[in-house]
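**Q** This is target.tsv, which holds TSV, N, CA and C atoms:
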chain	number	residue	atom	x	y	z
N	16	MET	N	180.45	94.22	87.89
N	16	MET	CA	179.97	94.68	89.18
N	16	MET	C	178.47	94.88	89.10
N	17	LEU	N	177.79	94.59	90.15
N	17	LEU	CA	176.34	94.65	90.17
N	17	LEU	C	175.80	96.07	90.07
N	18	VAL	N	176.52	97.05	90.60
N	18	VAL	CA	176.07	98.44	90.51
N	18	VAL	C	176.13	98.91	89.06
N	19	GLU	N	177.20	98.55	88.38
N	19	GLU	CA	177.38	98.97	86.98
N	19	GLU	C	176.27	98.46	86.08
N	20	THR	N	175.72	97.30	86.40
N	20	THR	CA	174.69	96.70	85.56
N	20	THR	C	173.29	96.91	86.12
N	21	ASN	N	173.17	97.75	87.12
N	21	ASN	CA	171.88	98.06	87.75
N	21	ASN	C	171.20	96.84	88.38
N	22	LYS	N	171.99	95.84	88.77
N	22	LYS	CA	171.40	94.68	89.43
N	22	LYS	C	171.14	94.94	90.91
N	23	ILE	N	171.88	95.89	91.48
N	23	ILE	CA	171.61	96.32	92.85
N	23	ILE	C	171.68	97.84	92.91
N	24	ASN	N	170.95	98.41	93.84
N	24	ASN	CA	171.05	99.84	94.13
N	24	ASN	C	172.10	99.99	95.22
N	25	ALA	N	172.98	100.93	95.06
N	25	ALA	CA	174.04	101.12	96.04
N	25	ALA	C	174.16	102.59	96.41
N	26	VAL	N	174.56	102.81	97.65
N	26	VAL	CA	174.80	104.17	98.13
N	26	VAL	C	176.12	104.18	98.88
N	27	ILE	N	176.76	105.33	98.88
N	27	ILE	CA	177.95	105.56	99.68
N	27	ILE	C	177.84	106.96	100.27
N	28	THR	N	178.75	107.29	101.12
N	28	THR	CA	178.84	108.65	101.68
N	28	THR	C	180.20	109.22	101.31
N	29	PRO	N	180.39	110.51	101.48
N	29	PRO	CA	181.73	111.07	101.26
N	29	PRO	C	182.79	110.41	102.16
N	30	MET	N	182.37	109.93	103.32
N	30	MET	CA	183.33	109.23	104.21
N	30	MET	C	183.83	107.95	103.55
N	31	VAL	N	182.96	107.24	102.88
N	31	VAL	CA	183.37	106.02	102.18
N	31	VAL	C	184.35	106.38	101.07
N	32	MET	N	184.01	107.43	100.32
N	32	MET	CA	184.91	107.87	99.25
N	32	MET	C	186.28	108.22	99.81
N	33	ASP	N	186.29	108.95	100.91
N	33	ASP	CA	187.56	109.34	101.54
N	33	ASP	C	188.37	108.12	101.95
N	34	GLU	N	187.71	107.17	102.60
N	34	GLU	CA	188.42	105.97	103.04
N	34	GLU	C	189.04	105.20	101.88
N	35	VAL	N	188.27	105.00	100.84
N	35	VAL	CA	188.76	104.24	99.69
N	35	VAL	C	189.89	104.98	98.99
N	36	LEU	N	189.69	106.25	98.73
N	36	LEU	CA	190.72	107.02	98.02
N	36	LEU	C	192.00	107.13	98.85
N	37	PHE	N	191.86	107.29	100.16
N	37	PHE	CA	193.03	107.35	101.04
N	37	PHE	C	193.80	106.02	100.99
N	38	LYS	N	193.08	104.91	101.04
N	38	LYS	CA	193.75	103.60	101.01
N	38	LYS	C	194.46	103.38	99.68
N	39	ILE	N	193.86	103.86	98.61
N	39	ILE	CA	194.51	103.74	97.30
N	39	ILE	C	195.79	104.57	97.27
N	40	LEU	N	195.73	105.79	97.79
N	40	LEU	CA	196.91	106.66	97.84
N	40	LEU	C	198.01	106.02	98.68
N	41	VAL	N	197.66	105.52	99.85
N	41	VAL	CA	198.64	104.90	100.74
N	41	VAL	C	199.25	103.66	100.09
N	42	ALA	N	198.42	102.84	99.46
N	42	ALA	CA	198.93	101.64	98.80
N	42	ALA	C	199.93	101.99	97.70
N	43	GLU	N	199.59	103.00	96.91
N	43	GLU	CA	200.50	103.41	95.84
N	43	GLU	C	201.78	104.01	96.43
N	44	ALA	N	201.64	104.87	97.41
N	44	ALA	CA	202.80	105.52	98.02
N	44	ALA	C	203.73	104.49	98.66
N	45	SER	N	203.16	103.46	99.26
N	45	SER	CA	204.00	102.45	99.92
N	45	SER	C	204.88	101.70	98.93
N	46	GLN	N	204.50	101.74	97.65
N	46	GLN	CA	205.32	101.11	96.61
N	46	GLN	C	206.55	101.95	96.26
N	47	HIS	N	206.53	103.22	96.67
N	47	HIS	CA	207.59	104.15	96.28
N	47	HIS	C	208.41	104.70	97.45
N	48	ILE	N	208.06	104.32	98.67
N	48	ILE	CA	208.78	104.80	99.85
N	48	ILE	C	209.35	103.57	100.56
N	49	GLU	N	210.67	103.56	100.71
N	49	GLU	CA	211.34	102.39	101.29
N	49	GLU	C	210.89	102.12	102.73
N	50	ASN	N	211.01	103.09	103.59
N	50	ASN	CA	210.58	102.93	104.98
N	50	ASN	C	209.24	103.65	105.16
N	51	PHE	N	208.18	103.00	104.67
N	51	PHE	CA	206.90	103.68	104.63
N	51	PHE	C	206.31	103.87	106.03
N	52	ASN	N	205.92	105.08	106.30
N	52	ASN	CA	205.06	105.43	107.44
N	52	ASN	C	204.39	106.75	107.09
N	53	MET	N	203.42	107.15	107.87
N	53	MET	CA	202.66	108.36	107.53
N	53	MET	C	203.53	109.61	107.54
N	54	TRP	N	204.49	109.67	108.44
N	54	TRP	CA	205.38	110.83	108.50
N	54	TRP	C	206.18	110.96	107.19
N	55	ASN	N	206.74	109.83	106.73
N	55	ASN	CA	207.50	109.85	105.48
N	55	ASN	C	206.60	110.17	104.28
N	56	LEU	N	205.38	109.67	104.33
N	56	LEU	CA	204.43	109.97	103.26
N	56	LEU	C	204.15	111.48	103.21
N	57	LYS	N	203.88	112.07	104.35
N	57	LYS	CA	203.59	113.52	104.38
N	57	LYS	C	204.78	114.33	103.85
N	58	LYS	N	205.99	113.91	104.22
N	58	LYS	CA	207.17	114.61	103.71
N	58	LYS	C	207.30	114.46	102.20
N	59	LYS	N	207.11	113.24	101.70
N	59	LYS	CA	207.24	112.99	100.25
N	59	LYS	C	206.16	113.70	99.44
N	60	MET	N	205.00	113.91	100.03
N	60	MET	CA	203.89	114.55	99.31
N	60	MET	C	204.22	115.99	98.94
N	61	LYS	N	205.23	116.56	99.54
N	61	LYS	CA	205.65	117.92	99.19
N	61	LYS	C	206.34	117.96	97.82
N	62	ASP	N	206.78	116.80	97.35
N	62	ASP	CA	207.42	116.69	96.04
N	62	ASP	C	206.32	116.55	94.98
N	63	PRO	N	206.17	117.54	94.09
N	63	PRO	CA	205.09	117.49	93.11
N	63	PRO	C	205.15	116.28	92.17
N	64	ILE	N	206.34	115.81	91.87
N	64	ILE	CA	206.46	114.64	90.99
N	64	ILE	C	205.94	113.40	91.72
N	65	PHE	N	206.37	113.22	92.95
N	65	PHE	CA	205.90	112.09	93.75
N	65	PHE	C	204.38	112.17	93.93
N	66	SER	N	203.90	113.33	94.28
N	66	SER	CA	202.46	113.53	94.48
N	66	SER	C	201.68	113.16	93.22
N	67	SER	N	202.19	113.57	92.08
N	67	SER	CA	201.54	113.25	90.81
N	67	SER	C	201.48	111.73	90.59
N	68	VAL	N	202.55	111.05	90.93
N	68	VAL	CA	202.62	109.60	90.75
N	68	VAL	C	201.61	108.89	91.64
N	69	VAL	N	201.58	109.25	92.92
N	69	VAL	CA	200.70	108.52	93.84
N	69	VAL	C	199.23	108.91	93.66
N	70	TYR	N	198.98	110.05	93.06
N	70	TYR	CA	197.60	110.45	92.82
N	70	TYR	C	197.01	109.85	91.53
N	71	ARG	N	197.86	109.27	90.67
N	71	ARG	CA	197.33	108.68	89.43
N	71	ARG	C	196.23	107.65	89.70
N	72	PRO	N	196.47	106.64	90.54
N	72	PRO	CA	195.39	105.67	90.79
N	72	PRO	C	194.21	106.28	91.55
N	73	VAL	N	194.46	107.30	92.34
N	73	VAL	CA	193.38	107.98	93.05
N	73	VAL	C	192.46	108.65	92.04
N	74	LYS	N	193.06	109.35	91.08
N	74	LYS	CA	192.26	110.01	90.03
N	74	LYS	C	191.47	108.98	89.24
N	75	LYS	N	192.13	107.89	88.89
N	75	LYS	CA	191.47	106.86	88.09
N	75	LYS	C	190.25	106.29	88.84
N	76	TYR	N	190.43	105.99	90.11
N	76	TYR	CA	189.31	105.40	90.87
N	76	TYR	C	188.22	106.43	91.13
N	77	SER	N	188.59	107.68	91.36
N	77	SER	CA	187.56	108.71	91.58
N	77	SER	C	186.73	108.90	90.31
N	78	GLU	N	187.36	108.80	89.14
N	78	GLU	CA	186.62	108.87	87.88
N	78	GLU	C	185.66	107.68	87.76
N	79	TYR	N	186.11	106.52	88.21
N	79	TYR	CA	185.26	105.33	88.21
N	79	TYR	C	184.05	105.54	89.13
N	80	LEU	N	184.27	106.12	90.31
N	80	LEU	CA	183.15	106.40	91.21
N	80	LEU	C	182.14	107.35	90.58
N	81	ILE	N	182.64	108.37	89.91
N	81	ILE	CA	181.76	109.31	89.22
N	81	ILE	C	180.96	108.58	88.14
N	82	GLU	N	181.61	107.70	87.39
N	82	GLU	CA	180.90	106.92	86.38
N	82	GLU	C	179.81	106.07	87.01
N	83	LEU	N	180.09	105.52	88.19
N	83	LEU	CA	179.08	104.71	88.87
N	83	LEU	C	177.85	105.53	89.25
N	84	THR	N	178.04	106.83	89.51
N	84	THR	CA	176.87	107.66	89.83
N	84	THR	C	175.94	107.75	88.62
N	85	TYR	N	176.50	107.71	87.42
N	85	TYR	CA	175.66	107.71	86.22
N	85	TYR	C	174.91	106.39	86.08
N	86	ALA	N	175.47	105.32	86.65
N	86	ALA	CA	174.83	104.01	86.60
N	86	ALA	C	173.86	103.80	87.76
N	87	GLY	N	173.76	104.79	88.65
N	87	GLY	CA	172.79	104.67	89.74
N	87	GLY	C	173.35	104.74	91.15
N	88	LEU	N	174.67	104.73	91.30
N	88	LEU	CA	175.25	104.86	92.64
N	88	LEU	C	174.87	106.22	93.20
N	89	GLU	N	174.33	106.24	94.42
N	89	GLU	CA	173.98	107.49	95.06
N	89	GLU	C	175.00	107.82	96.14
N	90	ILE	N	175.27	109.10	96.30
N	90	ILE	CA	176.17	109.57	97.36
N	90	ILE	C	175.31	110.33	98.36
N	91	PHE	N	175.10	109.71	99.52
N	91	PHE	CA	174.30	110.32	100.58
N	91	PHE	C	175.18	111.19	101.45
N	92	ASP	N	174.68	112.33	101.81
N	92	ASP	CA	175.44	113.26	102.62
N	92	ASP	C	175.34	112.88	104.10
N	93	ILE	N	176.30	113.34	104.85
N	93	ILE	CA	176.24	113.22	106.31
N	93	ILE	C	176.14	114.62	106.88
N	94	ASN	N	175.57	114.73	108.07
N	94	ASN	CA	175.40	116.04	108.69
N	94	ASN	C	175.62	115.93	110.19
N	95	GLU	N	175.32	117.00	110.91
N	95	GLU	CA	175.57	117.00	112.36
N	95	GLU	C	174.74	115.94	113.08
N	96	ARG	N	173.55	115.64	112.58
N	96	ARG	CA	172.72	114.60	113.18
N	96	ARG	C	173.40	113.24	113.03
N	97	THR	N	174.01	113.01	111.87
N	97	THR	CA	174.74	111.76	111.64
N	97	THR	C	175.89	111.63	112.63
N	98	ILE	N	176.62	112.71	112.82
N	98	ILE	CA	177.78	112.68	113.72
N	98	ILE	C	177.34	112.42	115.16
N	99	LYS	N	176.29	113.10	115.60
N	99	LYS	CA	175.78	112.88	116.97
N	99	LYS	C	175.38	111.42	117.17
N	100	LYS	N	174.67	110.87	116.19
N	100	LYS	CA	174.24	109.48	116.28
N	100	LYS	C	175.44	108.53	116.23
N	101	SER	N	176.47	108.90	115.48
N	101	SER	CA	177.64	108.04	115.36
N	101	SER	C	178.36	107.86	116.70
N	102	ILE	N	178.34	108.88	117.51
N	102	ILE	CA	178.99	108.79	118.83
N	102	ILE	C	178.26	107.78	119.71
N	103	ILE	N	176.95	107.82	119.68
N	103	ILE	CA	176.14	106.87	120.45
N	103	ILE	C	176.36	105.44	119.94
N	104	LEU	N	176.30	105.27	118.62
N	104	LEU	CA	176.48	103.94	118.04
N	104	LEU	C	177.90	103.42	118.19
N	105	GLY	N	178.87	104.31	118.04
N	105	GLY	CA	180.27	103.91	118.20
N	105	GLY	C	180.54	103.38	119.59
N	106	GLU	N	180.02	104.07	120.57
N	106	GLU	CA	180.20	103.63	121.95
N	106	GLU	C	179.46	102.31	122.20
N	107	LYS	N	178.24	102.21	121.71
N	107	LYS	CA	177.42	101.01	121.94
N	107	LYS	C	178.06	99.76	121.32
N	108	TYR	N	178.55	99.89	120.09
N	108	TYR	CA	179.07	98.72	119.37
N	108	TYR	C	180.59	98.61	119.36
N	109	GLY	N	181.26	99.55	120.03
N	109	GLY	CA	182.73	99.49	120.12
N	109	GLY	C	183.41	99.72	118.78
N	110	LEU	N	182.90	100.69	118.01
N	110	LEU	CA	183.44	100.96	116.68
N	110	LEU	C	184.37	102.16	116.70
N	111	LEU	N	185.32	102.18	115.80
N	111	LEU	CA	186.13	103.37	115.59
N	111	LEU	C	185.23	104.43	114.95
N	112	THR	N	185.65	105.69	115.03
N	112	THR	CA	184.79	106.79	114.62
N	112	THR	C	184.32	106.70	113.18
N	113	THR	N	185.18	106.37	112.26
N	113	THR	CA	184.77	106.31	110.85
N	113	THR	C	183.71	105.23	110.64
N	114	ASP	N	183.91	104.07	111.22
N	114	ASP	CA	182.91	103.00	111.11
N	114	ASP	C	181.59	103.42	111.77
N	115	ALA	N	181.68	104.12	112.88
N	115	ALA	CA	180.48	104.59	113.56
N	115	ALA	C	179.72	105.60	112.71
N	116	ILE	N	180.43	106.42	111.97
N	116	ILE	CA	179.78	107.38	111.06
N	116	ILE	C	179.09	106.62	109.93
N	117	HIS	N	179.74	105.59	109.38
N	117	HIS	CA	179.10	104.78	108.35
N	117	HIS	C	177.79	104.19	108.89
N	118	LEU	N	177.86	103.65	110.10
N	118	LEU	CA	176.70	103.01	110.71
N	118	LEU	C	175.58	104.03	110.97
N	119	ALA	N	175.95	105.20	111.45
N	119	ALA	CA	174.95	106.25	111.72
N	119	ALA	C	174.28	106.70	110.42
N	120	ALA	N	175.04	106.79	109.35
N	120	ALA	CA	174.45	107.15	108.06
N	120	ALA	C	173.48	106.07	107.60
N	121	MET	N	173.84	104.82	107.81
N	121	MET	CA	172.93	103.73	107.45
N	121	MET	C	171.63	103.85	108.23
N	122	LYS	N	171.74	104.12	109.51
N	122	LYS	CA	170.55	104.28	110.36
N	122	LYS	C	169.72	105.47	109.87
N	123	GLN	N	170.38	106.57	109.61
N	123	GLN	CA	169.70	107.80	109.18
N	123	GLN	C	168.92	107.57	107.88
N	124	TYR	N	169.50	106.84	106.95
N	124	TYR	CA	168.88	106.64	105.64
N	124	TYR	C	168.13	105.30	105.54
N	125	GLU	N	167.99	104.63	106.70
N	125	GLU	CA	167.24	103.37	106.80
N	125	GLU	C	167.78	102.30	105.84
N	126	ILE	N	169.09	102.15	105.86
N	126	ILE	CA	169.78	101.14	105.05
N	126	ILE	C	170.16	99.99	105.98
N	127	ILE	N	169.84	98.78	105.57
N	127	ILE	CA	170.16	97.64	106.44
N	127	ILE	C	171.24	96.72	105.87
N	128	TYR	N	171.56	96.86	104.57
N	128	TYR	CA	172.56	95.99	103.97
N	128	TYR	C	173.87	96.74	103.79
N	129	LEU	N	174.95	96.10	104.19
N	129	LEU	CA	176.28	96.69	104.08
N	129	LEU	C	177.22	95.69	103.41
N	130	ALA	N	177.93	96.14	102.39
N	130	ALA	CA	178.97	95.32	101.77
N	130	ALA	C	180.29	95.73	102.40
N	131	SER	N	180.87	94.84	103.19
N	131	SER	CA	182.13	95.15	103.87
N	131	SER	C	182.78	93.86	104.35
N	132	ASN	N	184.08	93.82	104.27
N	132	ASN	CA	184.84	92.71	104.86
N	132	ASN	C	185.30	93.04	106.27
N	133	ASP	N	184.87	94.18	106.80
N	133	ASP	CA	185.25	94.62	108.14
N	133	ASP	C	184.41	93.86	109.17
N	134	SER	N	185.05	92.98	109.92
N	134	SER	CA	184.34	92.15	110.90
N	134	SER	C	183.79	92.95	112.08
N	135	ASP	N	184.21	94.21	112.23
N	135	ASP	CA	183.68	95.03	113.32
N	135	ASP	C	182.17	95.24	113.18
N	136	PHE	N	181.66	95.17	111.96
N	136	PHE	CA	180.23	95.37	111.75
N	136	PHE	C	179.41	94.12	112.07
N	137	ASP	N	180.07	92.98	112.25
N	137	ASP	CA	179.35	91.74	112.54
N	137	ASP	C	178.55	91.80	113.83
N	138	LYS	N	178.98	92.62	114.77
N	138	LYS	CA	178.30	92.69	116.07
N	138	LYS	C	177.11	93.64	116.09
N	139	VAL	N	176.86	94.33	114.98
N	139	VAL	CA	175.75	95.28	114.91
N	139	VAL	C	174.48	94.51	114.57
N	140	ASP	N	173.47	94.64	115.44
N	140	ASP	CA	172.27	93.81	115.32
N	140	ASP	C	171.20	94.33	114.37
N	141	PHE	N	171.32	95.53	113.85
N	141	PHE	CA	170.26	96.06	112.98
N	141	PHE	C	170.65	96.14	111.51
N	142	ILE	N	171.80	95.54	111.16
N	142	ILE	CA	172.22	95.52	109.76
N	142	ILE	C	172.57	94.09	109.35
N	143	LYS	N	172.58	93.88	108.05
N	143	LYS	CA	173.02	92.61	107.47
N	143	LYS	C	174.27	92.89	106.65
N	144	VAL	N	175.35	92.18	106.98
N	144	VAL	CA	176.63	92.42	106.33
N	144	VAL	C	176.86	91.40	105.22
N	145	TYR	N	177.12	91.90	104.03
N	145	TYR	CA	177.50	91.08	102.89
N	145	TYR	C	179.01	91.21	102.74
N	146	LYS	N	179.70	90.08	102.78
N	146	LYS	CA	181.16	90.09	102.68
N	146	LYS	C	181.57	89.70	101.26
N	147	PRO	N	181.94	90.73	100.46
N	147	PRO	CA	182.37	90.43	99.08
N	147	PRO	C	183.63	89.58	99.09
N	148	THR	N	183.75	88.73	98.12
N	148	THR	CA	184.97	87.93	97.98
N	148	THR	C	185.82	88.52	96.87
N	149	ASN	N	187.11	88.36	97.01
N	149	ASN	CA	188.02	88.81	95.96
N	149	ASN	C	188.03	87.79	94.85
N	150	ARG	N	187.91	88.26	93.63
N	150	ARG	CA	187.89	87.34	92.48
N	150	ARG	C	189.10	87.54	91.64
Represent the structure of the file as structure tokens.
**A**
Amino acid sequence: MLVETNKINAVITPMVMDEVLFKILVAEASQHIENFNMWNLKKKMKDPIFSSVVYRPVKKYSEYLIELTYAGLEIFDINERTIKKSIILGEKYGLLTTDAIHLAAMKQYEIIYLASNDSDFDKVDFIKVYKPTNR
């Protein structure tokens, strides 16, 4: 990875961390719940054994994120100004709230490059989207 080798500088926000860790948890949980949906997931999470199982990959990836901070990954905070701006940008570009918060943080920190396979960002005129490929 380019961040690990200091070939690129990268930043994320706590929202990015939340999204990634949530998707990892859901992906793992879906392997263990026959009729997977959020309601069934919430019910199963009350079982400490199940919770421990689905949190294993979450813990592993969160440790990886922490390691990346030692390699130069920065975690930029969001604040009320970011949220206010996200509402304006979300409405303008037709983004869901989480994507709008990502975009507002980019604007706030003057970041123009985004690594994402989310095509919703393609319509934003002040950023350049890099679409990573799966290898």
**Q** Smallest atom-to-atom distance to N:Ile116: which of N:Ile39, N:Met30, N:Asn132, N:His47, using only N, CA and C atoms?
**A**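 Comparing N:Ile39, N:Met30, N:Asn132, N:His47 against N:Ile116, the winner is N:Met30.
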**Q** Check which residues of stretch 21-42 of chain N sit at most 7 Å from stretch 83-88 of chain N using all atoms listed in the file, and return one row each with the closest pair of atoms and their distance in Å to one decimal, ordered by chain and rising number, as a tab-separated table.
**A**
residue	atom	partner	partner_atom	distance
N:Asn21	CA	N:Ala86	C	6.1
N:Asn24	CA	N:Gly87	C	6.2
N:Ala25	C	N:Leu88	CA	4.5
N:Val26	CA	N:Leu88	C	5.3
N:Ile27	N	N:Leu88	C	6.1
**Q** Would you please give, as a PyMOL selection string, all residues of stretch 72-140 of chain N that DSSP assigns to helix (DSSP H, G or I) based on the backbone?
**A** chain N and resi 72-85+95-108+112-123+134-138
**Q** Could you turn the residues from that selection into a file that holds N, CA and C atoms, as a compact mmCIF listing (two decimals), in the coordinates of the input?
**A**
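New file part30.txt:
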# COMPACT_ATOMS: atom_id res chain seq x y z
N PRO N 72 196.47 106.64 90.54
CA PRO N 72 195.39 105.67 90.79
C PRO N 72 194.21 106.28 91.55
N VAL N 73 194.46 107.30 92.34
CA VAL N 73 193.38 107.98 93.05
C VAL N 73 192.46 108.65 92.04
N LYS N 74 193.06 109.35 91.08
CA LYS N 74 192.26 110.01 90.03
C LYS N 74 191.47 108.98 89.24
N LYS N 75 192.13 107.89 88.89
CA LYS N 75 191.47 106.86 88.09
C LYS N 75 190.25 106.29 88.84
N TYR N 76 190.43 105.99 90.11
CA TYR N 76 189.31 105.40 90.87
C TYR N 76 188.22 106.43 91.13
N SER N 77 188.59 107.68 91.36
CA SER N 77 187.56 108.71 91.58
C SER N 77 186.73 108.90 90.31
N GLU N 78 187.36 108.80 89.14
CA GLU N 78 186.62 108.87 87.88
C GLU N 78 185.66 107.68 87.76
N TYR N 79 186.11 106.52 88.21
CA TYR N 79 185.26 105.33 88.21
C TYR N 79 184.05 105.54 89.13
N LEU N 80 184.27 106.12 90.31
CA LEU N 80 183.15 106.40 91.21
C LEU N 80 182.14 107.35 90.58
N ILE N 81 182.64 108.37 89.91
CA ILE N 81 181.76 109.31 89.22
C ILE N 81 180.96 108.58 88.14
N GLU N 82 181.61 107.70 87.39
CA GLU N 82 180.90 106.92 86.38
C GLU N 82 179.81 106.07 87.01
N LEU N 83 180.09 105.52 88.19
CA LEU N 83 179.08 104.71 88.87
C LEU N 83 177.85 105.53 89.25
N THR N 84 178.04 106.83 89.51
CA THR N 84 176.87 107.66 89.83
C THR N 84 175.94 107.75 88.62
N TYR N 85 176.50 107.71 87.42
CA TYR N 85 175.66 107.71 86.22
C TYR N 85 174.91 106.39 86.08
N GLU N 95 175.32 117.00 110.91
CA GLU N 95 175.57 117.00 112.36
C GLU N 95 174.74 115.94 113.08
N ARG N 96 173.55 115.64 112.58
CA ARG N 96 172.72 114.60 113.18
C ARG N 96 173.40 113.24 113.03
N THR N 97 174.01 113.01 111.87
CA THR N 97 174.74 111.76 111.64
C THR N 97 175.89 111.63 112.63
N ILE N 98 176.62 112.71 112.82
CA ILE N 98 177.78 112.68 113.72
C ILE N 98 177.34 112.42 115.16
N LYS N 99 176.29 113.10 115.60
CA LYS N 99 175.78 112.88 116.97
C LYS N 99 175.38 111.42 117.17
N LYS N 100 174.67 110.87 116.19
CA LYS N 100 174.24 109.48 116.28
C LYS N 100 175.44 108.53 116.23
N SER N 101 176.47 108.90 115.48
CA SER N 101 177.64 108.04 115.36
C SER N 101 178.36 107.86 116.70
N ILE N 102 178.34 108.88 117.51
CA ILE N 102 178.99 108.79 118.83
C ILE N 102 178.26 107.78 119.71
N ILE N 103 176.95 107.82 119.68
CA ILE N 103 176.14 106.87 120.45
C ILE N 103 176.36 105.44 119.94
N LEU N 104 176.30 105.27 118.62
CA LEU N 104 176.48 103.94 118.04
C LEU N 104 177.90 103.42 118.19
N GLY N 105 178.87 104.31 118.04
CA GLY N 105 180.27 103.91 118.20
C GLY N 105 180.54 103.38 119.59
N GLU N 106 180.02 104.07 120.57
CA GLU N 106 180.20 103.63 121.95
C GLU N 106 179.46 102.31 122.20
N LYS N 107 178.24 102.21 121.71
CA LYS N 107 177.42 101.01 121.94
C LYS N 107 178.06 99.76 121.32
N TYR N 108 178.55 99.89 120.09
CA TYR N 108 179.07 98.72 119.37
C TYR N 108 180.59 98.61 119.36
N THR N 112 185.65 105.69 115.03
CA THR N 112 184.79 106.79 114.62
C THR N 112 184.32 106.70 113.18
N THR N 113 185.18 106.37 112.26
CA THR N 113 184.77 106.31 110.85
C THR N 113 183.71 105.23 110.64
N ASP N 114 183.91 104.07 111.22
CA ASP N 114 182.91 103.00 111.11
C ASP N 114 181.59 103.42 111.77
N ALA N 115 181.68 104.12 112.88
CA ALA N 115 180.48 104.59 113.56
C ALA N 115 179.72 105.60 112.71
N ILE N 116 180.43 106.42 111.97
CA ILE N 116 179.78 107.38 111.06
C ILE N 116 179.09 106.62 109.93
N HIS N 117 179.74 105.59 109.38
CA HIS N 117 179.10 104.78 108.35
C HIS N 117 177.79 104.19 108.89
N LEU N 118 177.86 103.65 110.10
CA LEU N 118 176.70 103.01 110.71
C LEU N 118 175.58 104.03 110.97
N ALA N 119 175.95 105.20 111.45
CA ALA N 119 174.95 106.25 111.72
C ALA N 119 174.28 106.70 110.42
N ALA N 120 175.04 106.79 109.35
CA ALA N 120 174.45 107.15 108.06
C ALA N 120 173.48 106.07 107.60
N MET N 121 173.84 104.82 107.81
CA MET N 121 172.93 103.73 107.45
C MET N 121 171.63 103.85 108.23
N LYS N 122 171.74 104.12 109.51
CA LYS N 122 170.55 104.28 110.36
C LYS N 122 169.72 105.47 109.87
N GLN N 123 170.38 106.57 109.61
CA GLN N 123 169.70 107.80 109.18
C GLN N 123 168.92 107.57 107.88
N SER N 134 185.05 92.98 109.92
CA SER N 134 184.34 92.15 110.90
C SER N 134 183.79 92.95 112.08
N ASP N 135 184.21 94.21 112.23
CA ASP N 135 183.68 95.03 113.32
C ASP N 135 182.17 95.24 113.18
N PHE N 136 181.66 95.17 111.96
CA PHE N 136 180.23 95.37 111.75
C PHE N 136 179.41 94.12 112.07
N ASP N 137 180.07 92.98 112.25
CA ASP N 137 179.35 91.74 112.54
C ASP N 137 178.55 91.80 113.83
N LYS N 138 178.98 92.62 114.77
CA LYS N 138 178.30 92.69 116.07
C LYS N 138 177.11 93.64 116.09
**Q** From a backbone DSSP assignment, name each residue in chain N labelled strand (DSSP E), as number ranges by chain.
**A** N: 26-27, 89-90, 128-130, 143-145
**Q** Export, as a PDB file, in the coordinates of the input, the selected residues with N, CA and C atoms.
**A**
ATOM      1  N   VAL N  26     174.560 102.810  97.650  1.00  0.00           N
ATOM      2  CA  VAL N  26     174.800 104.170  98.130  1.00  0.00           C
ATOM      3  C   VAL N  26     176.120 104.180  98.880  1.00  0.00           C
ATOM      4  N   ILE N  27     176.760 105.330  98.880  1.00  0.00           N
ATOM      5  CA  ILE N  27     177.950 105.560  99.680  1.00  0.00           C
ATOM      6  C   ILE N  27     177.840 106.960 100.270  1.00  0.00           C
ATOM      7  N   GLU N  89     174.330 106.240  94.420  1.00  0.00           N
ATOM      8  CA  GLU N  89     173.980 107.490  95.060  1.00  0.00           C
ATOM      9  C   GLU N  89     175.000 107.820  96.140  1.00  0.00           C
ATOM     10  N   ILE N  90     175.270 109.100  96.300  1.00  0.00           N
ATOM     11  CA  ILE N  90     176.170 109.570  97.360  1.00  0.00           C
ATOM     12  C   ILE N  90     175.310 110.330  98.360  1.00  0.00           C
ATOM     13  N   TYR N 128     171.560  96.860 104.570  1.00  0.00           N
ATOM     14  CA  TYR N 128     172.560  95.990 103.970  1.00  0.00           C
ATOM     15  C   TYR N 128     173.870  96.740 103.790  1.00  0.00           C
ATOM     16  N   LEU N 129     174.950  96.100 104.190  1.00  0.00           N
ATOM     17  CA  LEU N 129     176.280  96.690 104.080  1.00  0.00           C
ATOM     18  C   LEU N 129     177.220  95.690 103.410  1.00  0.00           C
ATOM     19  N   ALA N 130     177.930  96.140 102.390  1.00  0.00           N
ATOM     20  CA  ALA N 130     178.970  95.320 101.770  1.00  0.00           C
ATOM     21  C   ALA N 130     180.290  95.730 102.400  1.00  0.00           C
ATOM     22  N   LYS N 143     172.580  93.880 108.050  1.00  0.00           N
ATOM     23  CA  LYS N 143     173.020  92.610 107.470  1.00  0.00           C
ATOM     24  C   LYS N 143     174.270  92.890 106.650  1.00  0.00           C
ATOM     25  N   VAL N 144     175.350  92.180 106.980  1.00  0.00           N
ATOM     26  CA  VAL N 144     176.630  92.420 106.330  1.00  0.00           C
ATOM     27  C   VAL N 144     176.860  91.400 105.220  1.00  0.00           C
ATOM     28  N   TYR N 145     177.120  91.900 104.030  1.00  0.00           N
ATOM     29  CA  TYR N 145     177.500  91.080 102.890  1.00  0.00           C
ATOM     30  C   TYR N 145     179.010  91.210 102.740  1.00  0.00           C
TER      31      TYR N 145
END
**Q** Nearest to N:Val139 among N:Gln123, N:Tyr108, N:Tyr76, N:Tyr70, with distances taken over only N, CA and C atoms: which residue is it?
**A**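 So, comparing all the options, the nearest one is N:Tyr108.
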**Q** Using only C-alpha atoms, determine which residues lie at most 10 Å from N:Leu40, disregarding the query and same-chain residues fewer than 2 positions distant; provide the list as a PyMOL selection string.
**A** chain N and resi 34-38+42-45+56+66+68-74
**Q** Separation of atom N of N:Ser101 and atom C of N:Val144, in Å?
**A** 20.3 Å
**Q** Return the single residue from N:Asp133, N:Lys99, N:Met60, N:Ile81 that is closest to N:Asp114, with distances computed using only C-alpha atoms.
**A**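 Between N:Asp133, N:Lys99, N:Met60, N:Ile81, the residue approaching N:Asp114 most closely is N:Asp133.
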**Q** I'd like the interatomic distance between atom N of N:Tyr145 and atom CA of N:Ser131, to a tenth of an Å.
**A** 6.0 Å
**Q** If you measure from atom C of N:Lys107 to atom C of N:Ala119, what distance in Å do you get, rounded to one decimal?
**A**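 Separation of atom C of N:Lys107 and atom C of N:Ala119: 13.5 Å.
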